[in-house]
Each structure stands twice: as structure tokens, then as C-alpha cells.
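Shown below: structure-v3.txt, with compact mmCIF, C-alpha atoms.
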```txt
# COMPACT_ATOMS: atom_id res chain seq x y z
CA MET A 1 53.90 148.50 120.53
CA GLY A 2 56.82 150.62 121.66
CA ASP A 3 57.75 148.11 124.32
CA THR A 4 57.59 145.24 121.82
CA SER A 5 59.84 147.09 119.35
CA SER A 6 62.39 147.86 122.06
CA SER A 7 62.38 144.23 123.16
CA THR A 8 62.94 143.00 119.61
CA GLU A 9 65.86 145.41 119.07
CA ALA A 10 67.42 144.32 122.35
CA GLN A 11 67.21 140.66 121.31
CA SER A 12 68.72 141.32 117.87
CA SER A 13 71.62 143.27 119.36
CA ALA A 14 72.39 140.58 121.92
CA PRO A 15 75.80 138.98 121.32
CA SER A 16 75.84 135.47 119.84
CA PRO A 17 77.03 132.68 122.10
CA PRO A 18 80.78 132.04 121.89
CA THR A 19 82.04 129.22 119.65
CA PRO A 20 82.99 126.20 121.76
CA PRO A 21 86.73 125.59 121.90
CA PRO A 22 88.19 122.66 119.93
CA PRO A 23 88.62 119.40 121.82
CA PRO A 24 91.92 119.18 123.69
CA THR A 25 94.81 117.43 121.97
CA PRO A 26 95.45 114.05 123.58
CA SER A 27 98.67 113.89 125.55
CA LEU A 28 101.40 111.82 123.94
CA SER A 29 102.36 108.53 125.52
CA LEU A 30 104.66 107.32 122.72
CA VAL A 31 108.09 106.28 123.96
CA GLN A 32 111.54 106.62 122.47
CA PRO A 33 112.62 103.68 120.27
CA SER A 34 115.26 101.40 121.69
CA THR A 35 118.84 101.75 120.54
CA LYS A 36 119.77 98.10 120.99
CA LYS A 37 120.39 96.07 117.87
CA LYS A 38 118.53 92.78 117.87
CA HIS A 39 120.57 89.78 116.85
CA ARG A 40 118.84 86.69 115.55
CA PRO A 41 120.58 83.39 114.72
CA ALA A 42 120.56 82.45 111.05
CA LYS A 43 122.23 79.92 108.84
CA VAL A 44 124.90 81.10 106.42
CA PHE A 45 122.78 80.23 103.40
CA ARG A 46 119.79 82.14 104.77
CA VAL A 47 121.90 85.23 105.40
CA PHE A 48 123.41 85.11 101.92
CA ARG A 49 120.00 84.63 100.30
CA ASN A 50 118.45 87.58 102.16
CA VAL A 51 121.31 89.94 101.39
CA PHE A 52 121.25 88.93 97.74
CA ARG A 53 117.50 89.58 97.53
CA SER A 54 117.94 93.07 98.94
CA PHE A 55 120.16 94.32 96.10
CA PRO A 56 118.13 96.61 93.81
CA ILE A 57 118.29 95.82 90.09
CA MET A 58 118.00 99.15 88.31
CA THR A 59 116.30 99.37 84.95
CA PRO A 60 117.54 102.09 82.54
CA VAL A 61 114.04 103.43 81.75
CA CYS A 62 112.25 103.83 85.05
CA LYS A 63 115.10 103.18 87.52
CA LEU A 64 112.78 100.96 89.56
CA PRO A 65 114.39 98.10 91.51
CA SER A 66 113.02 94.76 90.36
CA LEU A 67 112.48 92.69 93.47
CA PRO A 68 109.75 90.38 94.77
CA GLY A 69 107.03 91.60 97.09
CA GLY A 70 106.82 91.06 100.83
CA ILE A 71 105.75 87.43 100.53
CA LEU A 72 107.94 84.88 98.79
CA PRO A 73 106.39 82.32 96.41
CA ASP A 74 106.56 79.62 99.07
CA GLY A 75 104.65 81.81 101.52
CA ARG A 76 107.63 82.79 103.70
CA SER A 77 108.57 86.40 104.27
CA VAL A 78 112.05 87.70 103.65
CA ALA A 79 114.10 87.85 106.83
CA GLY A 80 115.07 91.09 108.47
CA SER A 81 113.95 93.35 111.27
CA ARG A 82 110.20 93.88 111.52
CA ILE A 83 109.02 97.47 111.86
CA THR A 84 105.69 99.29 111.81
CA GLY A 85 104.91 101.40 108.76
CA THR A 86 102.01 103.84 108.41
CA LEU A 87 100.89 105.58 105.23
CA PHE A 88 98.52 108.45 105.99
CA GLY A 89 97.22 111.69 104.57
CA TYR A 90 94.18 113.73 103.55
CA ARG A 91 92.50 112.29 100.47
CA LYS A 92 93.58 115.08 98.12
CA GLY A 93 96.75 115.89 100.00
CA ARG A 94 100.18 114.30 99.86
CA VAL A 95 100.60 110.98 101.59
CA SER A 96 103.27 110.55 104.27
CA LEU A 97 105.18 107.48 105.38
CA SER A 98 105.97 107.02 109.07
CA ILE A 99 108.33 104.30 110.28
CA GLN A 100 108.27 103.16 113.90
CA GLU A 101 110.02 100.44 115.83
CA ASN A 102 106.53 99.41 117.01
CA PRO A 103 103.14 101.19 117.31
CA LYS A 104 103.97 102.51 120.78
CA THR A 105 107.21 104.31 119.90
CA LEU A 106 107.94 107.69 118.36
CA PRO A 107 108.60 107.68 114.60
CA THR A 108 112.20 107.10 113.55
CA LEU A 109 111.49 108.44 110.05
CA VAL A 110 108.77 110.52 108.38
CA VAL A 111 108.88 111.02 104.61
CA GLU A 112 106.40 113.14 102.68
CA LEU A 113 105.89 111.26 99.42
CA ALA A 114 105.34 112.79 96.00
CA MET A 115 101.86 111.31 95.60
CA GLN A 116 98.32 112.14 96.62
CA THR A 117 96.64 109.82 99.10
CA ASN A 118 93.69 109.01 96.84
CA VAL A 119 96.06 108.12 93.97
CA LEU A 120 97.99 105.68 96.16
CA GLN A 121 94.71 104.12 97.34
CA LYS A 122 93.63 103.61 93.73
CA ASP A 123 96.99 102.10 92.73
CA MET A 124 96.95 99.68 95.67
CA SER A 125 93.43 98.55 94.82
CA LEU A 126 94.71 97.50 91.39
CA GLY A 127 97.53 95.27 92.65
CA MET A 128 101.14 95.37 93.79
CA VAL A 129 102.75 98.78 94.22
CA ARG A 130 106.50 99.37 94.13
CA ILE A 131 107.84 102.70 95.33
CA ALA A 132 111.50 103.57 94.73
CA LEU A 133 113.13 106.50 96.53
CA GLU A 134 116.45 107.46 94.99
CA SER A 135 119.16 109.83 96.12
CA GLU A 136 122.65 110.52 94.87
CA LYS A 137 125.53 108.41 96.08
CA ARG A 138 127.81 110.14 98.57
CA PRO A 139 131.61 110.07 98.81
CA GLU A 140 133.10 107.18 100.77
CA LYS A 141 134.12 109.48 103.65
CA ASP A 142 130.58 110.80 104.05
CA LYS A 143 128.95 109.09 107.04
CA THR A 144 125.36 110.16 106.31
CA LYS A 145 123.08 107.17 106.78
CA LEU A 146 120.77 106.16 103.98
CA LEU A 147 117.52 106.97 105.80
CA GLU A 148 118.92 110.35 106.86
CA GLU A 149 118.94 111.64 103.27
CA PRO A 150 116.86 114.86 103.17
CA LEU A 151 115.64 114.66 99.54
CA TRP A 152 114.58 111.81 97.28
CA THR A 153 113.41 111.30 93.72
CA MET A 154 110.35 109.07 93.79
CA TYR A 155 109.19 106.48 91.26
CA CYS A 156 105.93 104.52 91.59
CA ASN A 157 105.63 101.38 89.46
CA GLY A 158 108.33 102.72 87.17
CA LYS A 159 106.88 106.20 86.66
CA LYS A 160 108.52 109.28 88.09
CA SER A 161 106.22 110.94 90.61
CA GLY A 162 108.37 113.88 91.69
CA TYR A 163 110.44 114.75 94.73
CA CYS A 164 109.81 113.82 98.32
CA MET A 165 111.59 114.82 101.50
CA LYS A 166 112.38 113.61 104.95
CA ARG A 167 111.00 115.84 107.69
CA ASP A 168 110.65 116.01 111.43
CA ALA A 169 107.41 114.62 112.79
CA THR A 170 104.84 117.41 113.17
CA GLU A 171 102.34 117.70 116.00
CA GLU A 172 99.67 116.33 113.68
CA ASP A 173 101.89 113.36 112.75
CA LEU A 174 102.43 112.53 116.42
CA ASN A 175 98.71 112.84 117.17
CA VAL A 176 97.94 110.36 114.38
CA MET A 177 100.52 107.92 115.76
CA GLU A 178 99.06 108.37 119.24
CA VAL A 179 95.51 107.63 118.05
CA LEU A 180 96.75 104.53 116.19
CA LYS A 181 98.89 103.30 119.07
CA ALA A 182 96.64 100.29 119.67
CA VAL A 183 96.48 99.41 115.93
CA SER A 184 99.09 96.96 114.67
CA MET A 185 97.61 96.42 111.20
CA GLY A 186 94.60 98.00 109.54
CA VAL A 187 93.08 100.48 107.11
CA GLY A 188 90.65 103.24 108.00
CA VAL A 189 89.76 106.90 108.22
CA LEU A 190 90.38 109.40 111.01
CA PRO A 191 88.56 112.71 111.56
CA GLY A 192 90.59 115.57 110.15
CA LYS A 193 90.95 119.25 110.89
CA SER A 194 87.83 120.90 112.28
CA GLU A 195 88.12 123.90 109.94
CA ALA A 196 88.11 121.69 106.83
CA GLU A 197 84.80 120.83 105.22
CA GLY A 198 83.58 117.96 103.08
CA PRO A 199 85.08 114.49 102.58
CA ASP A 200 88.58 115.91 102.10
CA SER A 201 88.76 116.66 105.82
CA GLU A 202 89.05 112.94 106.55
CA MET A 203 92.49 111.46 106.95
CA ALA A 204 92.96 108.01 105.47
CA TYR A 205 95.57 105.65 106.87
CA MET A 206 97.02 102.22 106.24
CA ARG A 207 99.18 100.54 108.86
CA ALA A 208 101.06 97.27 108.49
CA TYR A 209 104.16 95.42 109.54
CA PHE A 210 107.09 95.73 107.17
CA GLU A 211 110.17 93.57 106.89
CA ARG A 212 113.22 95.82 106.70
CA VAL A 213 116.09 94.30 104.73
CA VAL A 214 119.41 96.15 104.64
CA GLY A 215 121.46 95.30 101.57
CA SER A 216 124.28 97.78 102.07
CA LYS A 217 124.84 101.32 103.28
CA ASP A 218 123.28 102.46 99.97
CA SER A 219 120.33 100.06 99.76
CA GLU A 220 117.40 99.20 102.04
CA THR A 221 114.01 97.71 101.30
CA LEU A 222 110.71 97.62 103.17
CA TYR A 223 108.38 94.74 102.31
CA MET A 224 104.79 94.97 103.53
CA LEU A 225 103.77 91.75 105.26
CA SER A 226 100.30 90.45 104.47
CA PRO A 227 98.46 89.18 107.56
CA ASP A 228 98.48 85.37 107.75
CA GLY A 229 99.90 85.20 104.22
CA SER A 230 96.64 86.43 102.70
CA ASN A 231 96.46 87.80 99.18
CA GLY A 232 96.00 91.41 100.22
CA PRO A 233 97.60 94.42 98.52
CA GLU A 234 101.38 94.17 98.34
CA LEU A 235 103.67 97.14 98.77
CA SER A 236 107.44 97.37 98.53
CA ILE A 237 109.42 100.54 99.25
CA PHE A 238 113.04 100.79 98.09
CA PHE A 239 115.58 103.28 99.42
CA VAL A 240 118.65 103.43 97.22
CA ARG A 241 121.60 105.68 96.42
CA ILE A 242 122.71 105.70 92.80
CA GLY A 243 125.51 107.28 90.84
```
Structure rendered as C-alpha cells:
Amino acid sequence: MGDTSSSTEAQSSAPSPPTPPPPPTPSLSLVQPSTKKKHRPAKVFRVFRNVFRSFPIMTPVCKLPSLPGGILPDGRSVAGSRITGTLFGYRKGRVSLSIQENPKTLPTLVVELAMQTNVLQKDMSLGMVRIALESEKRPEKDKTKLLEEPLWTMYCNGKKSGYCMKRDATEEDLNVMEVLKAVSMGVGVLPGKSEAEGPDSEMAYMRAYFERVVGSKDSETLYMLSPDGSNGPELSIFFVRIG
């Protein structure tokens, strides 16, 4: 009996096995975006039409630019430079927008939007979504580029959502871009942080090609391109300085 008791106490006092370490973070293979400007031939009328379409028309109530979506009525996309855009975030966390030259390059811009990921998913399931990011106009001598603005006021479908900000890409942002490097267009879910529990630990993402149309130094627009001209969800994102 005494031996059995001693054995039981020894087993209960034995240290528990150590918790296995988290899986190693994949090494980054994303490359720097190119600095060359791509020139494409275009007719004068086509250039004029595309520049005209890029001007935001501000409404006095919601300050949302009124412009068409990424696909024109005749099925053609607006002309401009094509970039890769990724919207991603935890379901009940804020969604972020990452812009890349292509899926294999480092992000050129990351903006944390004033909207929860699950709210954006719901809005996009209902139809076209227009997001306007506004900042104050700068003096003529100020050389700050439009997409370098640190703070924006955000409107979604005409309703003010709050304030969003440009930020440097975090380690988590870069890991997401690395995992999605082989994805050109798609929607899905990625495993989230190991310490989080429940469905909120999953990170939802949507990646697509966007047509970037520059109207002026104070106006740029990103039109999401539907694959093969299909009637999928349409998204337009407007960057504009006002004042």
C-alpha cells in the first residue's frame, strides 16, 4: 500500500510535457516593386475619356464620388495600370487594404479601413460597394503624394464609417501576402493566431485585380475587375483630396 501511494504521488508531481513551439514563420520571398513607369499607346479620345471618368463628383450629403464600377456597360474595363488589391482581416476586426504591383511583390500601400471585416462581407454580398477615402487638400507647394496621406475620412456607400490610416506593413501583413503569393484572384479564409479561439481566429481575405485610374494629383480610383466580365460583386475605392 505504501509503495502504491508513493508511486501515485510521484506520478502526480511529475512535470507536464512542454507545450510544442508554434510553427516557424515562412521566410519571405516577396520582391521589391519595380520603379519603372509602364507606357501604353492610346488614342487621344481614349485618354480623354479615361481621365474624365476618373474625376470624382462629390455629393453634398455623403461626399461620395459618383462613378461607374469596374466594368463599363459595354463590358470593357476602364483603362489604367492594373494592380493587385487584397482586403483582409479577422471577422470581427478591422479590415485592411493592401495594394501590390503584383502578387509577388511587397505592398506599396497598406490602409487600415474604418470597417469590420464581417460588415464589408455583408455589404458586398448585397451588391456594389463604393468606398471613398477623403483627406484635406494640401497647399500647391506641398509635394506629398495622394497615396502617402497618413489619415483619411472613410465613407461606404455614402455613409461615414470613421477614420482610417495608412501604416507600414506589419509582419502579419507580410505573412498573409506571402501565403497568397500564388493567388491572383480569389476569396477564402486563412488560419489566424494560435492563441485566438473560436471562428474569430480565422482571417478572411478577398484578392482581385484592380484598375488604377489617376485623375489628378488629388484624385485616384481603384476599380475591381470581375473575372471574365462576370456579374460578381463590384467594388470601387476612391482616394480624393477635398477643400
Using only C-alpha atoms, determine which residues lie at most 10 Å from Ser98 (chain A), disregarding the query and same-chain residues fewer than 3 positions distant; provide the list as number ranges by chain.
-> A: 84-88, 106-112, 169, 173-174, 177, 207
Have a look at A:Val31, A:Leu235, A:Ile242, A:Ala208 and name the one nearest to Arg138 (chain A); count all atoms listed in the file.
->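 Answer, going by the shortest atom-to-atom distance: A:Ile242.
The space separating CA of Pro33 (chain A) from CA of Arg241 (chain A) comes to 25.6 Å.
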Pairwise distance for CA of Ala204 (chain A) and CA of Leu180 (chain A), rounded to one decimal in Å |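 These two atoms are separated by 11.9 Å.
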Can you tell me, as an MDAnalysis selection string, what residues are no more than 7 Å from region 163-168 of chain A when counting all atoms listed in the file, ignoring any on the same chain fewer than 4 positions away?
-> chainID A and resid 110:114 150:154
